Amino acid sequence: MILKSLPKKQIRVFLVLTLITIILASAPWWVSRADIRLLGEFYSFLALAVLWNLLAGYTGLISVGQQAFVGVGGYAMFIVTAKLGISPFLSVPISMLAAALIAGVFAPLLFRLNGAHFAIGTWVAAETISLCFFMVPELGGGAGMSLPTDVVKSIASSRAMREMTIYWLMLGLGLGTIFAVYALLLSKTGLALMALRDNEIAAASLGINIWKTKFVMYIAVAAATGAIGAVIFFQKLRISPESAFSLNDWTIIIIFIVVIGGIGKLEGAIVGTIVFFILRETLADYGVVYLIVLGVFAIIIMMFSRKGIWGMFEEKFKRSLLPVTREP
Amino acid sequence: MLFEENALTVTELSKSYGTFIVTNEISFNLGKGEALGIIGPNGAGKTTLFNLISGTTNSDKGSIQYFGQDITKVSARQRCHLGITRSFQVPQPFSGLTTYENVLVAAAFGQEISEAEAKDKAVEALELTSLTSKARQLAGSLTLLDRKRLELARSIATAPRLLLLDEIAGGLTETECNELIELIMTIKNNGVSIIWIEHVLHALLSVVDRIMVLDFGQKITEGKPEDIMKSPEVSSIYLGLDEENIDGQ
Ligand SMILES: Nc1ncnc2c1ncn2[C@@H]1O[C@H](COP(=O)(O)OP(=O)(O)OP(=O)(O)O)[C@@H](O)[C@H]1O
Ligand SMILES: [Mg+2]
């Protein structure tokens, strides 16, 4: 239905995205093993950034508790594969469901809060969920657990094949998220999201269902984040409450990425992730210095261009990578 | 003029911020197809009354009946779907969207129709408000005057049955003002009920059937425009007011 009503410009974007996906899917044949791992990680951050931006940038829900869904997704995968013997691939949709359920339980409570209170609420919720996993000895408590060898083997028999499979899963999630969010922004709901981003009061008085839009987005983003969590821990093969519910890794860095790239624009999250990886890899020899550089960079950008790197580019060149503008 | 059906019945509506009473037991009727003007000095509580009728703000006391339905507790969104639309005195554009998209949102969500169906209605609303040439411009880059036009365009695009207009004539040239009056008359003649808050009195007087005067959150008086303009209450209230506003220049 969307395709039929799409202008040429957007069809072109979908074709280009498909082409990029195909090229990247062939990467295991022409990229080194270390770089494949790096690319996989890049896709997972890309997806997390696009999702966080969808939530914060469009619906105004500034969550600092997205690690809850990475963690729940990761743990759900460990539980159903290691404890229940379910196929690793089937565990991804189960992780999504688990994250969506948790989000559904917390949303009615969190949605009573606004702005900073909501942010703190999401963080507290994530900490609470994390503590629950600390207290389950069957899951290794605070020490966590490793993915049993037979489960690891069931992803793919050889190590090389397993790395490729995980790479493709990451790629699918990373670019799939961009595809999905772009299609969403082109739909009627996307119009509501952009209106909501710009002015909530006007949006409500023009008939947009703010609560429902926010709720649905919150749940959908949690589900997708859960899937990413599952695949991230396929790669790590070990899980602990600390790594699964890491505020730093799964939320703070993502916030930096989106702020640097440009909040409230799909391209912003993409540009931000690229900048982050370039910074991190070039400064890799200096330890955590890259985090300091990243922080300073984010502060400078917040002071001089609230719309981030992408916002500056767009203002100057009046072009967009993923156009969503409706033409009369 | 007699209006057979009541579009709006407001009964003892009240709102306070802390101990400050902004709307003090206001009651009035509005007939279907009637145009009511609201005047009063700055801070009288005119915009607040619109906030209460459109559902942007909740009232503390009193009730609002809309075509026989009690909407006192109905959300702003649902009131929009019932046909109540307001323009904002301080324009509230979606600044990151184009002018056309702003109106498209109003048509698609205000009328609960698909984007494709909303397209023509949005284009029409832009034409009626002389914004067609600015359709592709970002709303955030519009001048104040065009932002006010956009407020009107969005309101029209929702296909309202009750239109609440908050100071939309200020700053217009005489020609523009006459065009605006003509547009509002057309809307009115289509059976839409209108409440219009306006300091530009000559524009208001050429449209409205009745005028209500507010001051300090209270209804001071209400009646035919010619009687109201002669009444001592109005002269005393407007005594200190800018002469220009009285003339509507
Ligand atoms: N959210 C709020 N909190 C506290 N006070 C408010 C709030 N909104 C309005 N007021 C106060 O209520 C009074 C009435 O405001 P309102 O905007 O309704 O006046 P108005 O008649 O529309 O004035 P104007 O002609 O300047 O537009 C003002 O004194 C204003 O400061
Ligand atoms: Mg006002």
# chains A, B, ... in the order shown; residues from 1 in each chain; ligands from 1

call {"tool": "residues_near_ligand", "arguments": {"ligand": "ligand 1", "cutoff": "8 Å", "atoms": "only C-alpha atoms and all ligand atoms", "output": "NGL selection string"}}
result
:B and (17-18 or 20-23 or 40-50 or 89 or 167 or 199 or 214-217)

call {"tool": "select_by_dssp", "arguments": {"residues": "region 17-243 of chain B", "states": "alpha helix (DSSP H)", "output": "MDAnalysis selection string"}}
result
chainID B and resid 46:54 76:82 99:110 115:128 144:157 174:189 201:205 225:230 232:238 243

call {"tool": "residues_around", "arguments": {"residues": "Phe179 (chain A)", "least_positions_apart": "3", "cutoff": "12 Å", "atoms": "only C-alpha atoms", "output": "MDAnalysis selection string"}}
result
chainID A and resid 10:11 13:18 20:21 47 50:51 171:176 182:186 266 322

call {"tool": "write_last_selection", "arguments": {"atoms": "C-alpha atoms", "output": "compact mmCIF listing (two decimals), in the first residue's frame"}}
result
# COMPACT_ATOMS: atom_id res chain seq x y z
CA GLN A 10 11.33 7.58 -1.85
CA ILE A 11 11.30 4.52 -4.07
CA VAL A 13 15.83 5.60 -1.35
CA PHE A 14 14.39 2.13 -0.76
CA LEU A 15 16.29 0.77 -3.76
CA VAL A 16 19.54 2.33 -2.58
CA LEU A 17 18.99 0.96 0.92
CA THR A 18 18.40 -2.50 -0.53
CA ILE A 20 23.60 -1.16 0.44
CA THR A 21 22.14 -4.10 2.36
CA ALA A 47 19.80 0.21 15.54
CA VAL A 50 17.78 4.99 15.56
CA LEU A 51 15.35 3.53 18.10
CA LEU A 171 22.99 -6.39 9.68
CA GLY A 172 19.35 -7.41 9.39
CA LEU A 173 18.51 -5.68 12.65
CA GLY A 174 20.57 -2.56 11.92
CA LEU A 175 19.35 -1.90 8.42
CA GLY A 176 15.96 -3.44 9.12
CA TYR A 182 11.79 5.20 7.46
CA ALA A 183 8.61 3.45 6.31
CA LEU A 184 6.98 4.47 9.57
CA LEU A 185 7.89 8.13 9.03
CA LEU A 186 6.34 7.96 5.55
CA LEU A 266 16.47 9.75 11.21
CA LEU A 322 16.02 9.91 3.70

call {"tool": "closest_atom_pairs", "arguments": {"of": "chain B", "to": "chain A", "cutoff": "6 Å", "atoms": "only C-alpha atoms", "output": "JSON lines"}}
result
{"residue": "B:Ala76", "atom": "CA", "partner": "A:Ser205", "partner_atom": "CA", "distance": 5.4}
{"residue": "B:Arg77", "atom": "CA", "partner": "A:Gly207", "partner_atom": "CA", "distance": 4.3}
{"residue": "B:Cys80", "atom": "CA", "partner": "A:Gly207", "partner_atom": "CA", "distance": 5.4}
{"residue": "B:Phe94", "atom": "CA", "partner": "A:Asp198", "partner_atom": "CA", "distance": 4.8}
{"residue": "B:Ala106", "atom": "CA", "partner": "A:Leu206", "partner_atom": "CA", "distance": 5.4}
{"residue": "B:Phe109", "atom": "CA", "partner": "A:Gly207", "partner_atom": "CA", "distance": 5.1}
{"residue": "B:Gly110", "atom": "CA", "partner": "A:Gly207", "partner_atom": "CA", "distance": 4.7}

call {"tool": "residues_around", "arguments": {"residues": "region 148-157 of chain A", "least_positions_apart": "2", "cutoff": "7 Å", "atoms": "only C-alpha atoms", "output": "PDB file with N, CA, C and O atoms, in the first residue's frame"}}
result
ATOM      1  N   THR A  81      17.102 -20.545  25.315  1.00  0.00           N
ATOM      2  CA  THR A  81      18.018 -21.460  24.628  1.00  0.00           C
ATOM      3  C   THR A  81      18.687 -22.409  25.616  1.00  0.00           C
ATOM      4  O   THR A  81      18.676 -23.623  25.425  1.00  0.00           O
ATOM      5  N   ALA A  82      19.262 -21.870  26.704  1.00  0.00           N
ATOM      6  CA  ALA A  82      20.032 -22.700  27.629  1.00  0.00           C
ATOM      7  C   ALA A  82      19.147 -23.516  28.555  1.00  0.00           C
ATOM      8  O   ALA A  82      19.469 -24.652  28.889  1.00  0.00           O
ATOM      9  N   PRO A  88      18.076 -21.015  18.953  1.00  0.00           N
ATOM     10  CA  PRO A  88      18.533 -19.636  19.116  1.00  0.00           C
ATOM     11  C   PRO A  88      17.785 -18.661  18.215  1.00  0.00           C
ATOM     12  O   PRO A  88      17.515 -17.521  18.604  1.00  0.00           O
ATOM     13  N   SER A 146      27.395 -18.457  31.002  1.00  0.00           N
ATOM     14  CA  SER A 146      27.850 -18.564  29.621  1.00  0.00           C
ATOM     15  C   SER A 146      26.816 -19.339  28.820  1.00  0.00           C
ATOM     16  O   SER A 146      26.065 -20.141  29.376  1.00  0.00           O
ATOM     17  N   ARG A 159      33.023 -22.071  13.764  1.00  0.00           N
ATOM     18  CA  ARG A 159      33.145 -20.754  14.346  1.00  0.00           C
ATOM     19  C   ARG A 159      32.985 -19.663  13.278  1.00  0.00           C
ATOM     20  O   ARG A 159      32.299 -18.653  13.486  1.00  0.00           O
ATOM     21  N   MET A 161      31.396 -19.829  10.472  1.00  0.00           N
ATOM     22  CA  MET A 161      30.009 -19.768  10.029  1.00  0.00           C
ATOM     23  C   MET A 161      29.144 -19.048  11.073  1.00  0.00           C
ATOM     24  O   MET A 161      28.238 -18.284  10.740  1.00  0.00           O
ATOM     25  N   ARG A 162      29.473 -19.291  12.353  1.00  0.00           N
ATOM     26  CA  ARG A 162      28.702 -18.654  13.413  1.00  0.00           C
ATOM     27  C   ARG A 162      28.895 -17.138  13.375  1.00  0.00           C
ATOM     28  O   ARG A 162      27.952 -16.368  13.479  1.00  0.00           O
TER      29      ARG A 162
END

call {"tool": "residues_around", "arguments": {"residues": "Ala157 (chain B)", "least_positions_apart": "3", "cutoff": "8 Å", "atoms": "only C-alpha atoms", "output": "PDB file with N, CA and C atoms, in the first residue's frame"}}
result
ATOM      1  N   VAL B 103      -0.845  21.752   7.593  1.00  0.00           N
ATOM      2  CA  VAL B 103      -2.273  21.710   7.296  1.00  0.00           C
ATOM      3  C   VAL B 103      -2.720  20.279   7.015  1.00  0.00           C
ATOM      4  N   LEU B 104      -1.813  19.510   6.422  1.00  0.00           N
ATOM      5  CA  LEU B 104      -2.100  18.097   6.148  1.00  0.00           C
ATOM      6  C   LEU B 104      -2.377  17.345   7.456  1.00  0.00           C
ATOM      7  N   ALA B 106      -3.551  18.605  10.176  1.00  0.00           N
ATOM      8  CA  ALA B 106      -4.864  19.031  10.663  1.00  0.00           C
ATOM      9  C   ALA B 106      -5.984  18.308   9.935  1.00  0.00           C
ATOM     10  N   ALA B 107      -5.860  18.186   8.610  1.00  0.00           N
ATOM     11  CA  ALA B 107      -6.922  17.533   7.831  1.00  0.00           C
ATOM     12  C   ALA B 107      -6.966  16.032   8.133  1.00  0.00           C
ATOM     13  N   GLY B 110      -7.554  15.686  12.189  1.00  0.00           N
ATOM     14  CA  GLY B 110      -8.757  16.382  12.627  1.00  0.00           C
ATOM     15  C   GLY B 110     -10.006  15.719  12.075  1.00  0.00           C
ATOM     16  N   LYS B 121      -7.975  18.539   0.804  1.00  0.00           N
ATOM     17  CA  LYS B 121      -8.514  19.439   1.821  1.00  0.00           C
ATOM     18  C   LYS B 121      -7.436  20.386   2.323  1.00  0.00           C
ATOM     19  N   ALA B 122      -6.200  19.861   2.429  1.00  0.00           N
ATOM     20  CA  ALA B 122      -5.092  20.705   2.874  1.00  0.00           C
ATOM     21  C   ALA B 122      -4.794  21.777   1.828  1.00  0.00           C
ATOM     22  N   ALA B 125      -7.419  24.465   1.991  1.00  0.00           N
ATOM     23  CA  ALA B 125      -7.273  25.351   3.148  1.00  0.00           C
ATOM     24  C   ALA B 125      -6.138  26.344   2.933  1.00  0.00           C
ATOM     25  N   ALA B 153      -5.562  28.309   8.697  1.00  0.00           N
ATOM     26  CA  ALA B 153      -5.592  27.251   7.678  1.00  0.00           C
ATOM     27  C   ALA B 153      -5.771  25.884   8.334  1.00  0.00           C
ATOM     28  N   ARG B 154      -5.018  25.643   9.405  1.00  0.00           N
ATOM     29  CA  ARG B 154      -5.133  24.352  10.101  1.00  0.00           C
ATOM     30  C   ARG B 154      -6.527  24.185  10.676  1.00  0.00           C
ATOM     31  N   PRO B 160     -14.319  22.213  10.952  1.00  0.00           N
ATOM     32  CA  PRO B 160     -14.944  22.397  12.270  1.00  0.00           C
ATOM     33  C   PRO B 160     -16.444  22.660  12.193  1.00  0.00           C
TER      34      PRO B 160
END

call {"tool": "residues_around", "arguments": {"residues": "Ser130 (chain A)", "least_positions_apart": "6", "cutoff": "12 Å", "atoms": "only C-alpha atoms", "output": "PyMOL selection string"}}
result
chain A and resi 65-72+74-75+123-124+136+141-142+144+239-247

call {"tool": "residues_around", "arguments": {"residues": "Ile292 (chain A)", "least_positions_apart": "5", "cutoff": "12 Å", "atoms": "only C-alpha atoms", "output": "MDAnalysis selection string"}}
result
chainID A and resid 253 256 276 279:280 283 286:287 297:299

call {"tool": "closest_residue", "arguments": {"among": "A:Tyr167, A:Phe234, A:Phe304, A:Phe215", "to": "Phe42 (chain A)", "atoms": "only C-alpha atoms"}}
result
A:Tyr167

call {"tool": "closest_residue", "arguments": {"among": "A:Lys212, A:Ser32, A:Thr225, A:Leu24", "to": "Thr251 (chain A)", "atoms": "only C-alpha atoms"}}
result
A:Thr225

call {"tool": "closest_residue", "arguments": {"among": "B:Asp166, B:Glu115, B:Gln78, B:Ile53", "to": "ligand 2", "atoms": "only C-alpha atoms and all ligand atoms"}}
result
B:Asp166

call {"tool": "select_by_dssp", "arguments": {"residues": "region 65-244 of chain B", "states": "strand (DSSP E)", "output": "list in words"}}
result
Gln65, Tyr66, Gln69, Asp70, Ile84, Thr85, Arg86, Leu162, Leu163, Leu164, Leu165, Asp166, Ser193, Ile194, Ile195, Trp196, Ile197, Arg210, Ile211, Met212, Val213, Leu214, Asp215, Gln218, Lys219, Ile220, Thr221, Glu222 and Gly223 of chain B

call {"tool": "write_last_selection", "arguments": {"atoms": "C-alpha atoms", "output": "CSV table (one decimal), in the first residue's frame"}}
result
chain,number,residue,atom,x,y,z
B,65,GLN,CA,-22.5,21.2,26.6
B,66,TYR,CA,-21.8,20.8,22.9
B,69,GLN,CA,-23.5,16.4,24.8
B,70,ASP,CA,-21.7,17.1,28.0
B,84,ILE,CA,-14.3,22.0,18.0
B,85,THR,CA,-11.2,23.7,16.6
B,86,ARG,CA,-9.2,26.6,17.9
B,162,LEU,CA,-17.4,25.2,16.2
B,163,LEU,CA,-14.5,27.5,15.3
B,164,LEU,CA,-12.6,29.4,18.1
B,165,LEU,CA,-10.5,32.2,16.7
B,166,ASP,CA,-8.0,34.0,19.0
B,193,SER,CA,-20.6,28.4,14.8
B,194,ILE,CA,-17.8,30.9,15.6
B,195,ILE,CA,-16.4,32.5,18.7
B,196,TRP,CA,-13.9,35.2,17.9
B,197,ILE,CA,-11.6,37.0,20.4
B,210,ARG,CA,-23.4,39.1,19.5
B,211,ILE,CA,-20.6,40.4,21.7
B,212,MET,CA,-19.6,39.2,25.2
B,213,VAL,CA,-17.3,41.4,27.4
B,214,LEU,CA,-14.9,39.8,29.8
B,215,ASP,CA,-12.9,41.4,32.5
B,218,GLN,CA,-15.9,37.6,34.7
B,219,LYS,CA,-18.6,38.1,32.1
B,220,ILE,CA,-19.3,41.9,32.4
B,221,THR,CA,-22.1,42.1,29.8
B,222,GLU,CA,-23.3,40.5,26.6
B,223,GLY,CA,-25.6,41.6,23.8

call {"tool": "closest_residue", "arguments": {"among": "B:Ile156, B:Ile187, B:Ile39, B:Val90", "to": "Val234 (chain B)", "atoms": "only C-alpha atoms"}}
result
B:Ile39

call {"tool": "atom_distance", "arguments": {"atom1": "CA of Glu117 (chain B)", "atom2": "CA of Ser95 (chain B)"}}
result
23.3 Å

call {"tool": "atom_distance", "arguments": {"atom1": "CA of Val105 (chain B)", "atom2": "CA of Ala118 (chain B)"}}
result
8.3 Å
